[in-house]
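Q: Have a look at the structure that comes next, please.
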Amino acid sequence: MTKVIDYYLTVISPWTYLGSQRFAEIAQKHRAEVRVTPINFGTVFPRTGGLPLAKRAPERQAYRMVELKRWRAYLGVEINLEPAFFPAPETTAACMVIAAGQGGGRPLELAQAFGRAVWEQNRNIAEVGTCEAIAAETGHHALDLLAKALDPAVRQRYAEQTEAAIARGVFGAPTYVYKDEIFWGQDRLEFLDRALAG
């Protein structure tokens with residue numbers, strides 16, 4: 001039986017990006033199918049008790065930076081802790097990832113590329129031209145993918161995925177769900193690895 005992981009993410013999250021390559025390697029090791037599921041945390045947070053970064057207490061914001069520095073050093077992942085274009089609207093990028101998954105593309109690779117654009121390359125994924133370029137760089141037909149991402153049906157799918165994630169108990173990014181067990185955060189990847197091996 002194929003192992004299936006539901007991967008709930010926001011492409012602009014540094015934590016999603018820090019875990020993205022390790023997660024891909026774990027999934028490949030276990031030959032697991034990954035259902036890449038971008039969701040809108042602008043909807044998730046107010047429904048689940050979360051706050052966007054700018055509204056968090058200064059102490060929490062300061063500790064977030066400490067943790068990002070620790071994980072950057074521990075993982076050896078290149079990441080700019082204060083990127084030029086964060087936060088930024090990510091709806092177009094998220095919907096391109098959804099469209100890639102629906103159309104036989106490589107949604108996991110595309111999501112990783114959007115994260116790399118923000119956290120390594122200081123690119124603005126709120127710009128349509130940037131999203132097109134990133135899609136092309138990952139081997140997708142950029143104009144077709146963008147057209148699909150702008151389709152109201154795909155925007156509706158984004159909203160539906162968000163509602164389904166909330167109903168399932170998802171409240172943060174990244175979240176990995178395997179056999180209905182939730183693993184929240186890239187720092188829980190070891191537990192996901194063990195569950196897949198069981």
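Each chain of the structure tokens is named A, B, ... in the order shown, its residues numbered from 1; ligands are numbered from 1 in display order.
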Do a neighbour search on Gly169 in chain A at 12 Å with only C-alpha atoms, toss out local chain neighbours closer than 6 positions, and write the hits as a PyMOL selection string.
A: chain A and resi 8+44-45+47-49+162-163+175-177+180-184
Q: Go through A:Val66, A:Ala142, A:Ile39, A:Ala173 one by one, measure the shortest atom-to-atom distance of each to Leu81 in chain A using only C-alpha atoms, and give the residue with the smallest value.
A: A:Val66
Q: From a DSSP pass on the backbone, collect the residues of range 1-168 of chain A flagged as strand (DSSP E) and hand them back as a list in words.
A: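 Matching residues for strand (DSSP E) in range 1-168 of chain A are Val4, Ile5, Asp6, Tyr7, Tyr8, Leu9, Glu33, Val34, Arg35, Val36, Thr37 and Pro38 of chain A.
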Q: Quick one: pull the distance between CA of Ile12 in chain A and CA of Ala111 in chain A, Å, one decimal.
A: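 Pair CA of Ile12 in chain A / CA of Ala111 in chain A returns 9.1 Å.
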Q: Quick one: DSSP helix (DSSP H, G or I) residues in range 102-180 of chain A, as a count of residues only?
A: 49
Q: Give me, as a PyMOL selection string, all polymer residues having an atom no more than 8 Å from Val154 in chain A, counting only C-alpha atoms and skipping those fewer than 5 positions away in the same chain.
A: chain A and resi 95+98-99+148-149
Q: Please produce an output containing N, CA and C atoms for each residue in the selection, written as an mmCIF file, in the first residue's frame.
A:
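The file below, part02.cif, is the result:
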```
data_model
loop_
_atom_site.group_PDB
_atom_site.id
_atom_site.type_symbol
_atom_site.label_atom_id
_atom_site.label_comp_id
_atom_site.auth_asym_id
_atom_site.auth_seq_id
_atom_site.Cartn_x
_atom_site.Cartn_y
_atom_site.Cartn_z
ATOM 1 N N CYS A 95 -1.599 29.296 -5.567
ATOM 2 C CA CYS A 95 -2.505 28.734 -6.575
ATOM 3 C C CYS A 95 -1.737 28.125 -7.741
ATOM 4 N N ILE A 98 -0.987 24.693 -6.522
ATOM 5 C CA ILE A 98 -2.186 23.866 -6.649
ATOM 6 C C ILE A 98 -2.393 23.450 -8.101
ATOM 7 N N ALA A 99 -2.270 24.416 -9.015
ATOM 8 C CA ALA A 99 -2.456 24.124 -10.437
ATOM 9 C C ALA A 99 -1.427 23.116 -10.940
ATOM 10 N N LYS A 148 -4.010 29.064 -15.142
ATOM 11 C CA LYS A 148 -4.771 28.163 -14.282
ATOM 12 C C LYS A 148 -4.858 28.713 -12.857
ATOM 13 N N ALA A 149 -3.753 29.292 -12.379
ATOM 14 C CA ALA A 149 -3.728 29.828 -11.015
ATOM 15 C C ALA A 149 -4.693 30.992 -10.840
#
```
Q: Just the number, please: distance in Å from CA of Gln156 in chain A to CA of Gly129 in chain A, one decimal.
A: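 Those two atoms sit 22.5 Å apart.
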Q: For CA of Leu145 in chain A and CA of Glu132 in chain A, quote the distance in Å rounded to one decimal.
A: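 Straight-line distance from CA of Leu145 in chain A to CA of Glu132 in chain A works out to 8.2 Å.
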Q: Rank nothing, just name the residue among A:Phe86, A:Tyr17, A:Phe171, A:Phe23 nearest to Gln112 in chain A, using only C-alpha atoms.
A: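 Of A:Phe86, A:Tyr17, A:Phe171, A:Phe23, the one nearest Gln112 in chain A is A:Tyr17, counting only C-alpha atoms.
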Q: Of the residues A:Ala84, A:Ala93, A:Ala164, A:Leu68, which is the one nearest to Gly19 in chain A, using only C-alpha atoms?
A: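 Smallest distance to Gly19 in chain A is found for A:Leu68.
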Q: May I ask which of the residues A:Ala57, A:Ile79, A:Val97, A:Ala73 is the closest one to Gln121 in chain A, counting only C-alpha atoms?
A: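 Among the listed residues, A:Ile79 lies closest to Gln121 in chain A.
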Q: In terms of the shortest atom-to-atom distance over only C-alpha atoms, which of A:Thr37, A:Thr10, A:Thr16, A:Asn124 is closest to Arg188 in chain A?
A: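 Ranked by minimum distance to Arg188 in chain A, first place goes to A:Thr16.
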Q: Could you check which of A:Gly115, A:Gly139, A:Gly104, A:Gly198 is closest to Leu9 in chain A, using only C-alpha atoms?
A: A:Gly115
Q: Please provide as a short mmCIF file (atom, residue, chain, number, x, y, z; two decimals) with C-alpha atoms, in the first residue's frame all residues within 12 Å of Glu190 in chain A, with the sequence filter that same-chain residues fewer than 3 positions apart are discarded (counting only C-alpha atoms).
A:
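Output file result21.cif follows:
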```
data_model
loop_
_atom_site.label_atom_id
_atom_site.label_comp_id
_atom_site.auth_asym_id
_atom_site.auth_seq_id
_atom_site.Cartn_x
_atom_site.Cartn_y
_atom_site.Cartn_z
CA GLY A 19 12.18 21.74 6.36
CA ARG A 22 14.57 17.22 4.46
CA PHE A 23 10.89 16.48 4.06
CA GLU A 25 14.18 13.32 1.20
CA ILE A 26 12.16 11.56 3.91
CA ALA A 27 9.19 11.11 1.60
CA TYR A 176 2.50 16.90 7.82
CA PHE A 183 3.14 16.47 12.87
CA TRP A 184 3.41 20.25 13.17
CA GLY A 185 6.66 21.99 12.34
CA GLN A 186 9.86 21.11 10.54
CA ASP A 187 11.32 20.18 13.93
CA ASP A 193 10.28 9.65 9.62
CA ARG A 194 9.76 7.15 12.44
CA ALA A 195 6.04 6.90 11.76
CA LEU A 196 6.66 6.19 8.08
CA ALA A 197 9.16 3.47 9.02
#
```
Q: Quick one: everything within 7 Å of Arg123 in chain A, counting only C-alpha atoms, minus sequence neighbours fewer than 3 positions away in the same chain. Send it as a list in words.
A: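 The filter keeps Phe85, Ala117 and Val118 of chain A.
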Q: Give me a file of those residues, with C-alpha atoms, as a PDB file, in the first residue's frame.
A:
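File produced: part-v7.pdb:
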```
ATOM      1  CA  PHE A  85       9.935  40.818   0.474  1.00  0.00           C
ATOM      2  CA  ALA A 117      13.035  32.807  -3.948  1.00  0.00           C
ATOM      3  CA  VAL A 118      11.907  34.520  -0.746  1.00  0.00           C
TER       4      VAL A 118
END
```
